[in-house]
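To start, the structure under review is shown below, and the notes come after it.
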Amino acid sequence: MERISRDRLLMDVALLFKERATCLRRKVGAVLARDGRILSTGYGGAPAGVAHCTPETCSPDKPCLRTIHAEANAVAWAARSGIATEPSTLYTTASPCIECAKLLINAGIQRVVYDEEYRDTAPILLLEGLGIRCERIGSVSTECSEFGLSVFARSVRSTPPDLPKV
Ligand SMILES: [Zn+2]
Ligand SMILES: [Zn+2]
């Protein structure tokens, strides 16, 4: 039987979380998982209770000081909920920045799976140098066409099927 892989499934979930991101510079979604099960999720945006980024606070040409990155948010939620992050795999729609990479190291993450490669690849080299596997999987795959985002997008937009009359 043909099935979607765990990596594909969890990256597709990260891609959905990306759609919730509020930073105007870059949208990123992340999923923390162990043995194919989701431990925590995150997306880039201002801390809870703080106003979202605006064109005044967040411009494409300078780093955004307001946003917590998706990966950091996923680790923070795990901490807040008492969920161990070691060992786990992080799925992120963009390869981590250096600050997030350092956080992932100390959170005990063992593997990082990413979609887009961030322009700075030094964090990947740092992680790999410490034995943390980093793997890129694309956002579009043949698996995706049957099981992934496109199916989800259709299902949420279409009208629900008729329910049997009671
Ligand atoms: Zn921002
Ligand atoms: Zn980051």
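Quick note on naming: the chains in the structure tokens go A, B, ... in the order shown, residues restart at 1 in each chain, and ligands are numbered from 1 in order of appearance.
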Env. residues ligand 1 / 12 Å / only C-alpha atoms and all ligand atoms / as an MDAnalysis selection string: chainID A and resid 21:28 43:47 50:70
Got a sec to check which residues lie within 10 Å of ligand 2, using only C-alpha atoms and all ligand atoms, and send them as a PyMOL selection string? chain A and resi 28+44+67-73+94-104+118+123
Would you save the residues from that selection as a tab-separated table (two decimals), in the first residue's frame, using N, CA and C atoms?
```
chain	number	residue	atom	x	y	z
A	28	VAL	N	7.48	31.32	8.60
A	28	VAL	CA	8.09	30.01	8.88
A	28	VAL	C	7.18	29.24	9.82
A	44	GLY	N	6.36	31.72	13.25
A	44	GLY	CA	7.00	32.98	13.58
A	44	GLY	C	5.99	34.07	13.87
A	67	THR	N	9.67	39.41	16.56
A	67	THR	CA	9.22	38.03	16.34
A	67	THR	C	10.04	36.97	17.10
A	68	ILE	N	9.32	35.98	17.59
A	68	ILE	CA	9.98	34.75	18.06
A	68	ILE	C	9.94	33.80	16.88
A	69	HIS	N	11.05	33.20	16.55
A	69	HIS	CA	11.09	32.31	15.39
A	69	HIS	C	10.29	31.04	15.67
A	70	ALA	N	9.83	30.43	14.59
A	70	ALA	CA	8.97	29.25	14.67
A	70	ALA	C	9.60	28.13	15.50
A	71	GLU	N	10.90	27.89	15.26
A	71	GLU	CA	11.59	26.80	15.96
A	71	GLU	C	11.64	27.09	17.47
A	72	ALA	N	11.94	28.36	17.82
A	72	ALA	CA	12.00	28.75	19.23
A	72	ALA	C	10.62	28.64	19.87
A	73	ASN	N	9.59	28.99	19.12
A	73	ASN	CA	8.23	28.88	19.64
A	73	ASN	C	7.84	27.43	19.90
A	94	ALA	N	11.95	26.55	6.91
A	94	ALA	CA	13.19	27.21	6.47
A	94	ALA	C	14.31	26.76	7.40
A	95	SER	N	15.49	26.52	6.86
A	95	SER	CA	16.60	26.06	7.71
A	95	SER	C	16.87	27.10	8.80
A	96	PRO	N	17.26	26.66	9.99
A	96	PRO	CA	17.31	27.57	11.15
A	96	PRO	C	18.39	28.64	11.05
A	97	CYS	N	18.13	29.76	11.72
A	97	CYS	CA	19.14	30.81	11.87
A	97	CYS	C	20.11	30.36	12.98
A	98	ILE	N	21.16	31.10	13.19
A	98	ILE	CA	22.18	30.69	14.16
A	98	ILE	C	21.62	30.67	15.59
A	99	GLU	N	20.76	31.62	15.92
A	99	GLU	CA	20.20	31.66	17.28
A	99	GLU	C	19.32	30.43	17.53
A	100	CYS	N	18.49	30.09	16.55
A	100	CYS	CA	17.63	28.92	16.70
A	100	CYS	C	18.47	27.64	16.71
A	101	ALA	N	19.52	27.60	15.88
A	101	ALA	CA	20.38	26.41	15.85
A	101	ALA	C	20.98	26.16	17.23
A	102	LYS	N	21.43	27.21	17.88
A	102	LYS	CA	22.02	27.06	19.22
A	102	LYS	C	20.97	26.55	20.21
A	103	LEU	N	19.76	27.06	20.09
A	103	LEU	CA	18.67	26.62	20.96
A	103	LEU	C	18.36	25.14	20.73
A	104	LEU	N	18.33	24.75	19.46
A	104	LEU	CA	18.01	23.35	19.11
A	104	LEU	C	19.08	22.40	19.67
A	118	TYR	N	17.80	28.59	4.17
A	118	TYR	CA	18.06	29.98	4.55
A	118	TYR	C	19.39	30.38	3.94
A	123	PRO	N	24.59	27.80	10.18
A	123	PRO	CA	23.91	27.05	11.24
A	123	PRO	C	23.80	25.56	10.93
```
Would you list the contacts of Ile38 in chain A as a count of residues only, taking every protein, DNA or RNA residue within 10 Å and counting only C-alpha atoms, but skipping same-chain residues closer than 3 positions in sequence? 11
Would you work out the distance separating CA of Gly131 in chain A from CA of Ala30 in chain A, expressed in Å to one decimal?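 Rounded to one decimal, the two atoms are 20.7 Å apart.
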Counting only C-alpha atoms, which residues in range 10-57 of chain A sit no more than 8 Å from range 134-139 of chain A? For each one, give the nearest pair of atoms and the distance in Å, sorted by chain then residue number, as a Markdown table.
```
| residue | atom | partner | partner_atom | distance |
| --- | --- | --- | --- | --- |
| A:Met11 | CA | A:Ser139 | CA | 7.7 |
| A:Asp12 | CA | A:Ser139 | CA | 7.6 |
| A:Leu15 | CA | A:Ser139 | CA | 7.9 |
```
Take the selection from the previous step and output its residues with N, CA and C atoms, as an mmCIF file, in the first residue's frame.
```cif
data_model
loop_
_atom_site.group_PDB
_atom_site.id
_atom_site.type_symbol
_atom_site.label_atom_id
_atom_site.label_comp_id
_atom_site.auth_asym_id
_atom_site.auth_seq_id
_atom_site.Cartn_x
_atom_site.Cartn_y
_atom_site.Cartn_z
ATOM 1 N N MET A 11 6.309 17.544 7.526
ATOM 2 C CA MET A 11 6.666 18.790 6.837
ATOM 3 C C MET A 11 5.412 19.475 6.307
ATOM 4 N N ASP A 12 4.458 18.711 5.827
ATOM 5 C CA ASP A 12 3.207 19.322 5.368
ATOM 6 C C ASP A 12 2.487 20.025 6.521
ATOM 7 N N LEU A 15 4.215 23.205 7.039
ATOM 8 C CA LEU A 15 3.828 24.154 5.987
ATOM 9 C C LEU A 15 2.466 24.786 6.283
#
```
Going by DSSP on the backbone, which bits of range 42-156 of chain A are alpha helix (DSSP H)? Write them as a PyMOL selection string, please. chain A and resi 70-81+98-106+122-129+142-147+149-156
Take CA of Leu130 in chain A and CA of Phe17 in chain A and report the distance between them in Å, one decimal.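 Straight-line distance from CA of Leu130 in chain A to CA of Phe17 in chain A works out to 28.0 Å.
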List every residue of range 53-156 of chain A that DSSP, applied to the backbone of this structure, assigns to strand (DSSP E), and report them as a PDB file with N, CA and C atoms, in the first residue's frame.
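Contents of part15.pdb, freshly written:
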```pdb
ATOM      1  N   SER A  88      14.353  14.392  19.687  1.00  0.00           N
ATOM      2  CA  SER A  88      13.249  14.711  18.780  1.00  0.00           C
ATOM      3  C   SER A  88      13.797  15.193  17.444  1.00  0.00           C
ATOM      4  N   THR A  89      12.881  15.283  16.489  1.00  0.00           N
ATOM      5  CA  THR A  89      13.207  15.809  15.159  1.00  0.00           C
ATOM      6  C   THR A  89      12.445  17.109  14.975  1.00  0.00           C
ATOM      7  N   LEU A  90      13.119  18.127  14.480  1.00  0.00           N
ATOM      8  CA  LEU A  90      12.455  19.390  14.180  1.00  0.00           C
ATOM      9  C   LEU A  90      12.202  19.481  12.681  1.00  0.00           C
ATOM     10  N   TYR A  91      10.959  19.733  12.316  1.00  0.00           N
ATOM     11  CA  TYR A  91      10.598  19.993  10.922  1.00  0.00           C
ATOM     12  C   TYR A  91      10.364  21.483  10.808  1.00  0.00           C
ATOM     13  N   THR A  92      11.094  22.129   9.923  1.00  0.00           N
ATOM     14  CA  THR A  92      10.935  23.569   9.774  1.00  0.00           C
ATOM     15  C   THR A  92      10.900  23.929   8.293  1.00  0.00           C
ATOM     16  N   THR A  93      10.062  24.907   7.963  1.00  0.00           N
ATOM     17  CA  THR A  93       9.905  25.244   6.544  1.00  0.00           C
ATOM     18  C   THR A  93      11.096  26.030   6.010  1.00  0.00           C
ATOM     19  N   ALA A  94      11.951  26.548   6.912  1.00  0.00           N
ATOM     20  CA  ALA A  94      13.190  27.213   6.473  1.00  0.00           C
ATOM     21  C   ALA A  94      14.311  26.756   7.397  1.00  0.00           C
ATOM     22  N   ILE A 109      17.666  18.359  20.334  1.00  0.00           N
ATOM     23  CA  ILE A 109      17.085  17.912  19.055  1.00  0.00           C
ATOM     24  C   ILE A 109      18.157  17.143  18.280  1.00  0.00           C
ATOM     25  N   GLN A 110      17.779  16.002  17.714  1.00  0.00           N
ATOM     26  CA  GLN A 110      18.774  15.133  17.085  1.00  0.00           C
ATOM     27  C   GLN A 110      18.800  15.210  15.563  1.00  0.00           C
ATOM     28  N   ARG A 111      17.706  15.751  15.014  1.00  0.00           N
ATOM     29  CA  ARG A 111      17.614  15.769  13.551  1.00  0.00           C
ATOM     30  C   ARG A 111      16.792  16.992  13.142  1.00  0.00           C
ATOM     31  N   VAL A 112      17.210  17.644  12.067  1.00  0.00           N
ATOM     32  CA  VAL A 112      16.484  18.804  11.565  1.00  0.00           C
ATOM     33  C   VAL A 112      16.136  18.546  10.100  1.00  0.00           C
ATOM     34  N   VAL A 113      14.845  18.629   9.800  1.00  0.00           N
ATOM     35  CA  VAL A 113      14.386  18.456   8.421  1.00  0.00           C
ATOM     36  C   VAL A 113      13.821  19.806   7.975  1.00  0.00           C
ATOM     37  N   TYR A 114      14.299  20.307   6.841  1.00  0.00           N
ATOM     38  CA  TYR A 114      13.851  21.634   6.411  1.00  0.00           C
ATOM     39  C   TYR A 114      13.448  21.631   4.949  1.00  0.00           C
ATOM     40  N   ASP A 115      12.705  22.684   4.600  1.00  0.00           N
ATOM     41  CA  ASP A 115      12.216  22.815   3.231  1.00  0.00           C
ATOM     42  C   ASP A 115      13.127  23.796   2.491  1.00  0.00           C
ATOM     43  N   GLU A 116      12.927  25.094   2.691  1.00  0.00           N
ATOM     44  CA  GLU A 116      13.788  26.080   2.036  1.00  0.00           C
ATOM     45  C   GLU A 116      15.108  26.204   2.786  1.00  0.00           C
ATOM     46  N   ARG A 133      21.740  15.545  12.505  1.00  0.00           N
ATOM     47  CA  ARG A 133      21.521  15.364  11.070  1.00  0.00           C
ATOM     48  C   ARG A 133      20.606  16.455  10.527  1.00  0.00           C
ATOM     49  N   CYS A 134      20.972  17.014   9.392  1.00  0.00           N
ATOM     50  CA  CYS A 134      20.137  18.026   8.742  1.00  0.00           C
ATOM     51  C   CYS A 134      19.800  17.519   7.346  1.00  0.00           C
ATOM     52  N   GLU A 135      18.518  17.490   7.020  1.00  0.00           N
ATOM     53  CA  GLU A 135      18.094  16.980   5.713  1.00  0.00           C
ATOM     54  C   GLU A 135      17.089  17.923   5.093  1.00  0.00           C
ATOM     55  N   ARG A 136      17.281  18.178   3.817  1.00  0.00           N
ATOM     56  CA  ARG A 136      16.348  19.042   3.117  1.00  0.00           C
ATOM     57  C   ARG A 136      15.340  18.195   2.356  1.00  0.00           C
TER      58      ARG A 136
END
```
When you draw a straight line from CA of Ser40 in chain A to CA of Ala74 in chain A, how long is it in Å?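 Going from CA of Ser40 in chain A over to CA of Ala74 in chain A, I get 5.4 Å.
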